[in-house]
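Dropping entry_15.pdb in here (PDB, C-alpha atoms and all ligand atoms):
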MODEL        1
ATOM      1  CA  MET A 226     -20.830  12.361   7.312  1.00  0.00           C
ATOM      2  CA  ILE A 227     -17.566  10.509   6.682  1.00  0.00           C
ATOM      3  CA  LYS A 228     -18.053   7.474   4.416  1.00  0.00           C
ATOM      4  CA  LEU A 229     -15.552   4.658   3.965  1.00  0.00           C
ATOM      5  CA  TYR A 230     -16.076   2.374   0.989  1.00  0.00           C
ATOM      6  CA  GLY A 231     -14.558  -1.098   1.104  1.00  0.00           C
ATOM      7  CA  THR A 232     -14.995  -4.401   2.897  1.00  0.00           C
ATOM      8  CA  ALA A 233     -12.954  -5.092   6.032  1.00  0.00           C
ATOM      9  CA  MET A 234     -11.628  -8.193   4.174  1.00  0.00           C
ATOM     10  CA  SER A 235      -9.398  -5.918   2.083  1.00  0.00           C
ATOM     11  CA  ARG A 236      -6.885  -3.110   2.447  1.00  0.00           C
ATOM     12  CA  SER A 237      -9.885  -1.054   3.603  1.00  0.00           C
ATOM     13  CA  ALA A 238      -9.298  -2.687   7.009  1.00  0.00           C
ATOM     14  CA  ARG A 239      -6.396  -0.323   7.626  1.00  0.00           C
ATOM     15  CA  SER A 240      -8.557   2.760   7.090  1.00  0.00           C
ATOM     16  CA  LEU A 241     -11.362   1.287   9.204  1.00  0.00           C
ATOM     17  CA  TRP A 242      -8.784   0.753  11.929  1.00  0.00           C
ATOM     18  CA  ALA A 243      -7.715   4.414  11.641  1.00  0.00           C
ATOM     19  CA  LEU A 244     -11.341   5.601  11.839  1.00  0.00           C
ATOM     20  CA  GLU A 245     -11.921   3.431  14.917  1.00  0.00           C
ATOM     21  CA  GLU A 246      -8.659   4.459  16.561  1.00  0.00           C
ATOM     22  CA  LEU A 247      -9.629   8.116  16.090  1.00  0.00           C
ATOM     23  CA  GLY A 248     -13.099   7.455  17.524  1.00  0.00           C
ATOM     24  CA  LEU A 249     -14.811   9.075  14.544  1.00  0.00           C
ATOM     25  CA  LYS A 250     -18.431   8.708  13.538  1.00  0.00           C
ATOM     26  CA  TYR A 251     -18.602   7.302  10.040  1.00  0.00           C
ATOM     27  CA  GLU A 252     -20.662   5.219   7.679  1.00  0.00           C
ATOM     28  CA  HIS A 253     -19.068   2.005   6.461  1.00  0.00           C
ATOM     29  CA  ILE A 254     -20.125   0.889   3.001  1.00  0.00           C
ATOM     30  CA  PRO A 255     -18.616  -2.627   2.776  1.00  0.00           C
ATOM     31  CA  VAL A 256     -18.068  -2.732  -1.002  1.00  0.00           C
ATOM     32  CA  GLU A 257     -16.656  -6.133  -1.933  1.00  0.00           C
ATOM     33  CA  VAL A 258     -13.366  -6.419  -3.834  1.00  0.00           C
ATOM     34  CA  ALA A 259     -15.251  -7.795  -6.853  1.00  0.00           C
ATOM     35  CA  LYS A 260     -17.480  -4.668  -6.894  1.00  0.00           C
ATOM     36  CA  ALA A 261     -14.633  -2.155  -6.692  1.00  0.00           C
ATOM     37  CA  LYS A 262     -14.944  -1.500 -10.434  1.00  0.00           C
ATOM     38  CA  SER A 263     -18.692  -0.870 -10.480  1.00  0.00           C
ATOM     39  CA  PRO A 264     -19.713   2.336 -12.324  1.00  0.00           C
ATOM     40  CA  GLU A 265     -20.602   4.055  -9.022  1.00  0.00           C
ATOM     41  CA  MET A 266     -17.253   3.145  -7.443  1.00  0.00           C
ATOM     42  CA  LEU A 267     -15.281   4.177 -10.539  1.00  0.00           C
ATOM     43  CA  LYS A 268     -16.837   7.638 -10.220  1.00  0.00           C
ATOM     44  CA  LEU A 269     -15.262   7.929  -6.763  1.00  0.00           C
ATOM     45  CA  ASN A 270     -11.983   6.144  -7.474  1.00  0.00           C
ATOM     46  CA  PRO A 271     -11.038   5.824 -11.161  1.00  0.00           C
ATOM     47  CA  ASN A 272      -8.561   3.059 -10.243  1.00  0.00           C
ATOM     48  CA  GLY A 273     -11.454   0.810  -9.302  1.00  0.00           C
ATOM     49  CA  HIS A 274      -9.846   0.008  -5.962  1.00  0.00           C
ATOM     50  CA  ILE A 275     -10.903   0.065  -2.330  1.00  0.00           C
ATOM     51  CA  PRO A 276     -10.599   1.713   0.142  1.00  0.00           C
ATOM     52  CA  THR A 277     -12.032   5.076  -0.861  1.00  0.00           C
ATOM     53  CA  LEU A 278     -12.889   7.756   1.672  1.00  0.00           C
ATOM     54  CA  ASP A 279     -15.511  10.449   1.194  1.00  0.00           C
ATOM     55  CA  ASP A 280     -15.152  13.022   3.957  1.00  0.00           C
ATOM     56  CA  ASN A 281     -18.087  15.327   3.310  1.00  0.00           C
ATOM     57  CA  GLY A 282     -17.134  15.680  -0.352  1.00  0.00           C
ATOM     58  CA  VAL A 283     -13.358  15.375   0.022  1.00  0.00           C
ATOM     59  CA  VAL A 284     -12.668  12.108  -1.779  1.00  0.00           C
ATOM     60  CA  VAL A 285      -9.360  10.382  -1.008  1.00  0.00           C
ATOM     61  CA  TRP A 286      -8.073   7.048  -2.290  1.00  0.00           C
ATOM     62  CA  GLU A 287      -4.871   5.055  -1.619  1.00  0.00           C
ATOM     63  CA  SER A 288      -5.071   3.531   1.835  1.00  0.00           C
ATOM     64  CA  MET A 289      -1.951   5.216   3.225  1.00  0.00           C
ATOM     65  CA  ALA A 290      -3.092   8.614   1.938  1.00  0.00           C
ATOM     66  CA  VAL A 291      -6.506   8.029   3.529  1.00  0.00           C
ATOM     67  CA  ASN A 292      -4.903   7.155   6.866  1.00  0.00           C
ATOM     68  CA  LEU A 293      -2.416  10.034   6.863  1.00  0.00           C
ATOM     69  CA  TYR A 294      -5.227  12.448   5.969  1.00  0.00           C
ATOM     70  CA  LEU A 295      -7.507  11.140   8.723  1.00  0.00           C
ATOM     71  CA  ALA A 296      -4.726  11.230  11.311  1.00  0.00           C
ATOM     72  CA  GLU A 297      -3.647  14.752  10.383  1.00  0.00           C
ATOM     73  CA  LYS A 298      -7.174  16.150  10.185  1.00  0.00           C
ATOM     74  CA  TYR A 299      -8.744  14.449  13.186  1.00  0.00           C
ATOM     75  CA  GLY A 300      -5.873  13.128  15.329  1.00  0.00           C
ATOM     76  CA  LYS A 301      -4.006  14.736  18.177  1.00  0.00           C
ATOM     77  CA  ALA A 302      -0.508  14.112  19.490  1.00  0.00           C
ATOM     78  CA  PRO A 303       0.815  11.576  20.112  1.00  0.00           C
ATOM     79  CA  PHE A 304      -1.293   9.597  17.576  1.00  0.00           C
ATOM     80  CA  TRP A 305      -0.684  12.328  14.971  1.00  0.00           C
ATOM     81  CA  PRO A 306       2.548  13.758  16.315  1.00  0.00           C
ATOM     82  CA  ALA A 307       3.193  17.463  16.722  1.00  0.00           C
ATOM     83  CA  THR A 308       6.377  18.243  14.810  1.00  0.00           C
ATOM     84  CA  PRO A 309       7.487  18.176  11.144  1.00  0.00           C
ATOM     85  CA  GLU A 310      10.407  15.957  12.157  1.00  0.00           C
ATOM     86  CA  GLN A 311       8.001  13.387  13.617  1.00  0.00           C
ATOM     87  CA  HIS A 312       5.770  13.722  10.544  1.00  0.00           C
ATOM     88  CA  ALA A 313       8.824  12.906   8.414  1.00  0.00           C
ATOM     89  CA  HIS A 314       9.227   9.645  10.323  1.00  0.00           C
ATOM     90  CA  VAL A 315       5.492   8.882  10.009  1.00  0.00           C
ATOM     91  CA  TYR A 316       5.798   9.274   6.223  1.00  0.00           C
ATOM     92  CA  GLN A 317       9.088   7.389   6.137  1.00  0.00           C
ATOM     93  CA  TRP A 318       7.727   4.295   7.882  1.00  0.00           C
ATOM     94  CA  SER A 319       4.344   4.394   6.122  1.00  0.00           C
ATOM     95  CA  PHE A 320       5.938   4.563   2.646  1.00  0.00           C
ATOM     96  CA  TRP A 321       8.503   1.979   3.700  1.00  0.00           C
ATOM     97  CA  GLY A 322       5.679  -0.390   4.625  1.00  0.00           C
ATOM     98  CA  MET A 323       3.904   0.147   1.324  1.00  0.00           C
ATOM     99  CA  LEU A 324       7.016  -0.091  -0.842  1.00  0.00           C
ATOM    100  CA  GLU A 325       9.453  -2.386   0.963  1.00  0.00           C
ATOM    101  CA  VAL A 326       7.095  -4.814   2.686  1.00  0.00           C
ATOM    102  CA  GLU A 327       3.623  -4.940   1.150  1.00  0.00           C
ATOM    103  CA  PRO A 328       4.619  -6.112  -2.364  1.00  0.00           C
ATOM    104  CA  HIS A 329       6.341  -9.216  -0.922  1.00  0.00           C
ATOM    105  CA  LEU A 330       3.349 -10.013   1.287  1.00  0.00           C
ATOM    106  CA  VAL A 331       1.007  -9.623  -1.686  1.00  0.00           C
ATOM    107  CA  THR A 332       3.163 -12.050  -3.714  1.00  0.00           C
ATOM    108  CA  ILE A 333       2.946 -14.574  -0.866  1.00  0.00           C
ATOM    109  CA  LEU A 334      -0.834 -14.138  -0.510  1.00  0.00           C
ATOM    110  CA  ARG A 335      -1.394 -14.489  -4.250  1.00  0.00           C
ATOM    111  CA  ASN A 336       0.632 -17.687  -4.424  1.00  0.00           C
ATOM    112  CA  ARG A 337      -0.847 -19.242  -1.302  1.00  0.00           C
ATOM    113  CA  VAL A 338      -4.474 -18.045  -1.329  1.00  0.00           C
ATOM    114  CA  PHE A 339      -5.773 -15.934  -4.196  1.00  0.00           C
ATOM    115  CA  LEU A 340      -4.487 -17.576  -7.381  1.00  0.00           C
ATOM    116  CA  PRO A 341      -6.003 -20.846  -8.595  1.00  0.00           C
ATOM    117  CA  PRO A 342      -3.657 -23.701  -7.571  1.00  0.00           C
ATOM    118  CA  GLU A 343      -2.456 -24.304 -11.147  1.00  0.00           C
ATOM    119  CA  GLN A 344      -1.263 -20.682 -11.435  1.00  0.00           C
ATOM    120  CA  ARG A 345       0.621 -20.583  -8.144  1.00  0.00           C
ATOM    121  CA  ASP A 346       4.386 -20.121  -8.314  1.00  0.00           C
ATOM    122  CA  ALA A 347       6.268 -21.694  -5.416  1.00  0.00           C
ATOM    123  CA  LYS A 348       9.546 -20.071  -6.480  1.00  0.00           C
ATOM    124  CA  ALA A 349       8.037 -16.571  -6.468  1.00  0.00           C
ATOM    125  CA  ASP A 350       6.529 -17.340  -3.050  1.00  0.00           C
ATOM    126  CA  GLN A 351       9.890 -18.460  -1.659  1.00  0.00           C
ATOM    127  CA  ALA A 352      11.681 -15.451  -3.191  1.00  0.00           C
ATOM    128  CA  ALA A 353       9.169 -13.139  -1.498  1.00  0.00           C
ATOM    129  CA  VAL A 354       9.675 -14.883   1.871  1.00  0.00           C
ATOM    130  CA  GLU A 355      13.433 -14.343   1.456  1.00  0.00           C
ATOM    131  CA  ALA A 356      13.008 -10.732   0.324  1.00  0.00           C
ATOM    132  CA  LEU A 357      10.969  -9.930   3.443  1.00  0.00           C
ATOM    133  CA  LYS A 358      13.849 -10.831   5.742  1.00  0.00           C
ATOM    134  CA  ALA A 359      15.861  -7.635   5.149  1.00  0.00           C
ATOM    135  CA  PRO A 360      13.078  -5.095   5.811  1.00  0.00           C
ATOM    136  CA  LEU A 361      11.864  -7.152   8.789  1.00  0.00           C
ATOM    137  CA  LYS A 362      15.353  -7.009  10.284  1.00  0.00           C
ATOM    138  CA  VAL A 363      15.318  -3.215   9.833  1.00  0.00           C
ATOM    139  CA  LEU A 364      12.029  -2.995  11.780  1.00  0.00           C
ATOM    140  CA  ASP A 365      13.167  -5.524  14.388  1.00  0.00           C
ATOM    141  CA  ASP A 366      16.416  -3.634  15.030  1.00  0.00           C
ATOM    142  CA  HIS A 367      14.565  -0.319  15.209  1.00  0.00           C
ATOM    143  CA  LEU A 368      12.047  -1.620  17.761  1.00  0.00           C
ATOM    144  CA  LYS A 369      14.810  -2.906  20.055  1.00  0.00           C
ATOM    145  CA  HIS A 370      15.286   0.735  21.084  1.00  0.00           C
ATOM    146  CA  SER A 371      11.688   1.874  21.578  1.00  0.00           C
ATOM    147  CA  SER A 372       8.257   0.436  22.411  1.00  0.00           C
ATOM    148  CA  PHE A 373       6.681   1.907  19.281  1.00  0.00           C
ATOM    149  CA  ILE A 374       7.980   3.152  15.955  1.00  0.00           C
ATOM    150  CA  LEU A 375       8.283   6.813  16.947  1.00  0.00           C
ATOM    151  CA  GLY A 376       9.125   6.214  20.591  1.00  0.00           C
ATOM    152  CA  ASN A 377       6.981   5.510  23.642  1.00  0.00           C
ATOM    153  CA  ASP A 378       3.549   6.019  22.090  1.00  0.00           C
ATOM    154  CA  PHE A 379       1.358   4.260  19.533  1.00  0.00           C
ATOM    155  CA  THR A 380       1.038   6.527  16.469  1.00  0.00           C
ATOM    156  CA  ILE A 381      -0.376   6.422  12.973  1.00  0.00           C
ATOM    157  CA  ALA A 382       3.031   5.080  11.874  1.00  0.00           C
ATOM    158  CA  ASP A 383       2.482   1.948  13.992  1.00  0.00           C
ATOM    159  CA  LEU A 384      -1.068   1.567  12.698  1.00  0.00           C
ATOM    160  CA  ASN A 385       0.043   1.854   9.066  1.00  0.00           C
ATOM    161  CA  VAL A 386       2.972  -0.540   9.323  1.00  0.00           C
ATOM    162  CA  ALA A 387       1.121  -3.046  11.539  1.00  0.00           C
ATOM    163  CA  SER A 388      -1.863  -3.079   9.198  1.00  0.00           C
ATOM    164  CA  ILE A 389       0.436  -3.965   6.303  1.00  0.00           C
ATOM    165  CA  LEU A 390       2.220  -6.693   8.283  1.00  0.00           C
ATOM    166  CA  SER A 391      -1.136  -8.081   9.421  1.00  0.00           C
ATOM    167  CA  LEU A 392      -1.542  -9.427   5.877  1.00  0.00           C
ATOM    168  CA  ALA A 393       0.899 -12.123   7.005  1.00  0.00           C
ATOM    169  CA  MET A 394      -1.714 -13.361   9.495  1.00  0.00           C
ATOM    170  CA  MET A 395      -3.935 -14.421   6.601  1.00  0.00           C
ATOM    171  CA  VAL A 396      -1.412 -17.099   5.676  1.00  0.00           C
ATOM    172  CA  LYS A 397      -0.213 -17.744   9.239  1.00  0.00           C
ATOM    173  CA  LEU A 398       3.234 -16.520   8.224  1.00  0.00           C
ATOM    174  CA  ASP A 399       5.264 -15.653  11.294  1.00  0.00           C
ATOM    175  CA  PHE A 400       8.622 -13.961  11.609  1.00  0.00           C
ATOM    176  CA  PRO A 401      10.812 -16.073  13.905  1.00  0.00           C
ATOM    177  CA  ALA A 402      13.916 -14.074  12.956  1.00  0.00           C
ATOM    178  CA  ALA A 403      12.212 -10.832  14.017  1.00  0.00           C
ATOM    179  CA  PRO A 404      10.906 -11.535  17.557  1.00  0.00           C
ATOM    180  CA  THR A 405      10.819  -7.887  18.647  1.00  0.00           C
ATOM    181  CA  ALA A 406       8.811  -6.849  15.580  1.00  0.00           C
ATOM    182  CA  SER A 407       6.505  -9.859  16.086  1.00  0.00           C
ATOM    183  CA  ALA A 408       5.796  -8.883  19.710  1.00  0.00           C
ATOM    184  CA  TRP A 409       5.182  -5.255  18.658  1.00  0.00           C
ATOM    185  CA  LEU A 410       2.804  -6.452  15.890  1.00  0.00           C
ATOM    186  CA  GLN A 411       0.768  -8.511  18.368  1.00  0.00           C
ATOM    187  CA  LYS A 412       0.649  -5.532  20.745  1.00  0.00           C
ATOM    188  CA  CYS A 413      -0.680  -3.275  17.950  1.00  0.00           C
ATOM    189  CA  LEU A 414      -3.212  -5.813  16.660  1.00  0.00           C
ATOM    190  CA  SER A 415      -4.582  -6.439  20.139  1.00  0.00           C
ATOM    191  CA  ARG A 416      -5.724  -2.818  20.494  1.00  0.00           C
ATOM    192  CA  PRO A 417      -9.523  -2.555  20.848  1.00  0.00           C
ATOM    193  CA  ALA A 418      -9.836  -0.494  17.638  1.00  0.00           C
ATOM    194  CA  SER A 419      -8.061  -3.215  15.668  1.00  0.00           C
ATOM    195  CA  GLN A 420     -10.035  -6.023  17.320  1.00  0.00           C
ATOM    196  CA  LYS A 421     -13.288  -4.335  16.228  1.00  0.00           C
ATOM    197  CA  LEU A 422     -12.417  -5.158  12.611  1.00  0.00           C
ATOM    198  CA  HIS A 423     -13.073  -8.857  13.284  1.00  0.00           C
ATOM    199  CA  ASN A 424     -16.792  -8.081  13.608  1.00  0.00           C
ATOM    200  CA  MET A 425     -17.040  -5.983  10.460  1.00  0.00           C
ATOM    201  CA  LYS A 426     -18.143  -7.005   6.998  1.00  0.00           C
TER
HETATM  202  N1  LIG B   1      -2.453   0.841  -3.306  1.00  0.00           N
HETATM  203  C1  LIG B   1      -3.878   0.735  -3.134  1.00  0.00           C
HETATM  204  C2  LIG B   1      -4.301  -0.692  -3.479  1.00  0.00           C
HETATM  205  C3  LIG B   1      -5.794  -0.851  -3.381  1.00  0.00           C
HETATM  206  C4  LIG B   1      -6.223  -2.223  -3.882  1.00  0.00           C
HETATM  207  O1  LIG B   1      -5.619  -2.819  -4.782  1.00  0.00           O
HETATM  208  N2  LIG B   1      -7.311  -2.731  -3.290  1.00  0.00           N
HETATM  209  C5  LIG B   1      -7.827  -4.008  -3.715  1.00  0.00           C
HETATM  210  C6  LIG B   1      -8.488  -4.714  -2.535  1.00  0.00           C
HETATM  211  S1  LIG B   1      -7.313  -5.081  -1.245  1.00  0.00           S
HETATM  212  C7  LIG B   1      -8.908  -3.783  -4.762  1.00  0.00           C
HETATM  213  O2  LIG B   1      -9.630  -2.827  -4.678  1.00  0.00           O
HETATM  214  N3  LIG B   1      -9.028  -4.671  -5.754  1.00  0.00           N
HETATM  215  C8  LIG B   1     -10.076  -4.594  -6.704  1.00  0.00           C
HETATM  216  C9  LIG B   1      -9.610  -4.706  -8.115  1.00  0.00           C
HETATM  217  O3  LIG B   1      -8.394  -4.599  -8.363  1.00  0.00           O
HETATM  218  O4  LIG B   1     -10.467  -4.891  -8.977  1.00  0.00           O
HETATM  219  C10 LIG B   1      -4.265   1.099  -1.693  1.00  0.00           C
HETATM  220  O5  LIG B   1      -3.450   0.839  -0.796  1.00  0.00           O
HETATM  221  O6  LIG B   1      -5.334   1.655  -1.465  1.00  0.00           O
ENDMDL
END

Whole structure given in structure tokens:
Amino acid sequence: MIKLYGTAMSRSARSLWALEELGLKYEHIPVEVAKAKSPEMLKLNPNGHIPTLDDNGVVVWESMAVNLYLAEKYGKAPFWPATPEQHAHVYQWSFWGMLEVEPHLVTILRNRVFLPPEQRDAKADQAAVEALKAPLKVLDDHLKHSSFILGNDFTIADLNVASILSLAMMVKLDFPAAPTASAWLQKCLSRPASQKLHNMK
């Protein structure tokens, strides 16, 4: 049985979305963020982070690695595309999301939600909002030429990038300068598999 450890109120949401999108049978163990460093969880993921996947003994951590593994092992084209060239673009956009976008969104979330008010840094928040503009323009320009990231079909690349950008929803941050990317994000998040996450622990 596939097991996914991590509450849907965390980055585990992106792997739950992948499991749902693939229509897999799995057990969800909704480990809270505060319990990610419990002795049992550290045995599975020595970083003490969620999500962690256990696919019948194959343990994988790092949310993007989990999603790419699930898509490659259980997905079919177009969701997991057929060619190495398309795989290159799946990796490109997934790593881009993790490295060029997510850190700025995390800075914004920390300074608007997670840190105690006295530790919040308005300048760091504003710098992160500014820093997001360049990668968002890259995505916006790219999506002017195709419905989804790799072309006409929703793929794991869309799921990975949309799940990262969905962090912005938590602080009601919208992207008025990137209307095409915003419309694409809403289209991705309205998929039934993504909507299911709202009813998960
Ligand atoms: N790069 C990792 C980050 C995982 C991560 O930091 N998860 C947070 C929850 S969103 C966590 O487990 N925090 C618990 C802790 O740091 O103690 C991934 O994408 O899987």

Q: Using the chain letters and residue numbers of this document, give as number ranges by chain the residues selected by the PyMOL selection byres (((chain A and resi 334-350) around 8) and not hetatm).
A: A: 330-333, 351-354, 392-393, 395-396

For the selection you just gave me, I'd like the residues written to a file as a PDB file, in the frame of the given file, keeping C-alpha atoms.
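Result went into part.pdb, see below:
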ATOM      1  CA  LEU A 330       3.349 -10.013   1.287  1.00  0.00           C
ATOM      2  CA  VAL A 331       1.007  -9.623  -1.686  1.00  0.00           C
ATOM      3  CA  THR A 332       3.163 -12.050  -3.714  1.00  0.00           C
ATOM      4  CA  ILE A 333       2.946 -14.574  -0.866  1.00  0.00           C
ATOM      5  CA  GLN A 351       9.890 -18.460  -1.659  1.00  0.00           C
ATOM      6  CA  ALA A 352      11.681 -15.451  -3.191  1.00  0.00           C
ATOM      7  CA  ALA A 353       9.169 -13.139  -1.498  1.00  0.00           C
ATOM      8  CA  VAL A 354       9.675 -14.883   1.871  1.00  0.00           C
ATOM      9  CA  LEU A 392      -1.542  -9.427   5.877  1.00  0.00           C
ATOM     10  CA  ALA A 393       0.899 -12.123   7.005  1.00  0.00           C
ATOM     11  CA  MET A 395      -3.935 -14.421   6.601  1.00  0.00           C
ATOM     12  CA  VAL A 396      -1.412 -17.099   5.676  1.00  0.00           C
TER      13      VAL A 396
END

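Every protein, DNA or RNA residue with an atom at most 12 Å from Glu257 in chain A, where all atoms listed in the file count and chain neighbours fewer than 5 positions away do not, is listed here: Tyr230, Gly231, Thr232, Ala233, Met234, Ser235, Arg236, Ser237, Lys262, Ser263, Met266, Gly273, His274, Ile275, Pro276 and Lys426 of chain A.
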
**Q.** Expected selection from the PyMOL selection byres (((chain A and resi 417) around 12) and not hetatm), given as a list in words
**A.** Trp242, Ala243, Glu245, Glu246, Leu247, Gly248, Lys412, Cys413, Leu414, Ser415, Arg416, Ala418, Ser419, Gln420, Lys421, Leu422, His423 and Asn424 of chain A

So for ligand LIG 1 (chain B), what box centre and size do we get, axis-aligned, 6 Å extra on each of the six sides, every listed atom, Å to one decimal, as AutoDock Vina command-line options?
--center_x -6.5 --center_y -1.7 --center_z -4.9 --size_x 20.0 --size_y 18.7 --size_z 20.2

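Among the candidate residues A:Met323, A:Val284, A:Ile227, A:Ala302, the one lying nearest to ligand LIG 1 (chain B) is A:Met323, with distances computed using all atoms listed in the file.
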
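Nearest residue to ligand LIG 1 (chain B) among A:Pro309, A:Gly322, A:Pro404, A:Gly300 is A:Gly322, counting all atoms listed in the file.
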
Q. Within 10 Å of range 356-359 of chain A, counting all atoms listed in the file, which residues qualify if same-chain residues fewer than 6 places away don't, as a PyMOL selection string?
A. chain A and resi 325-330+350+365+400+402-403
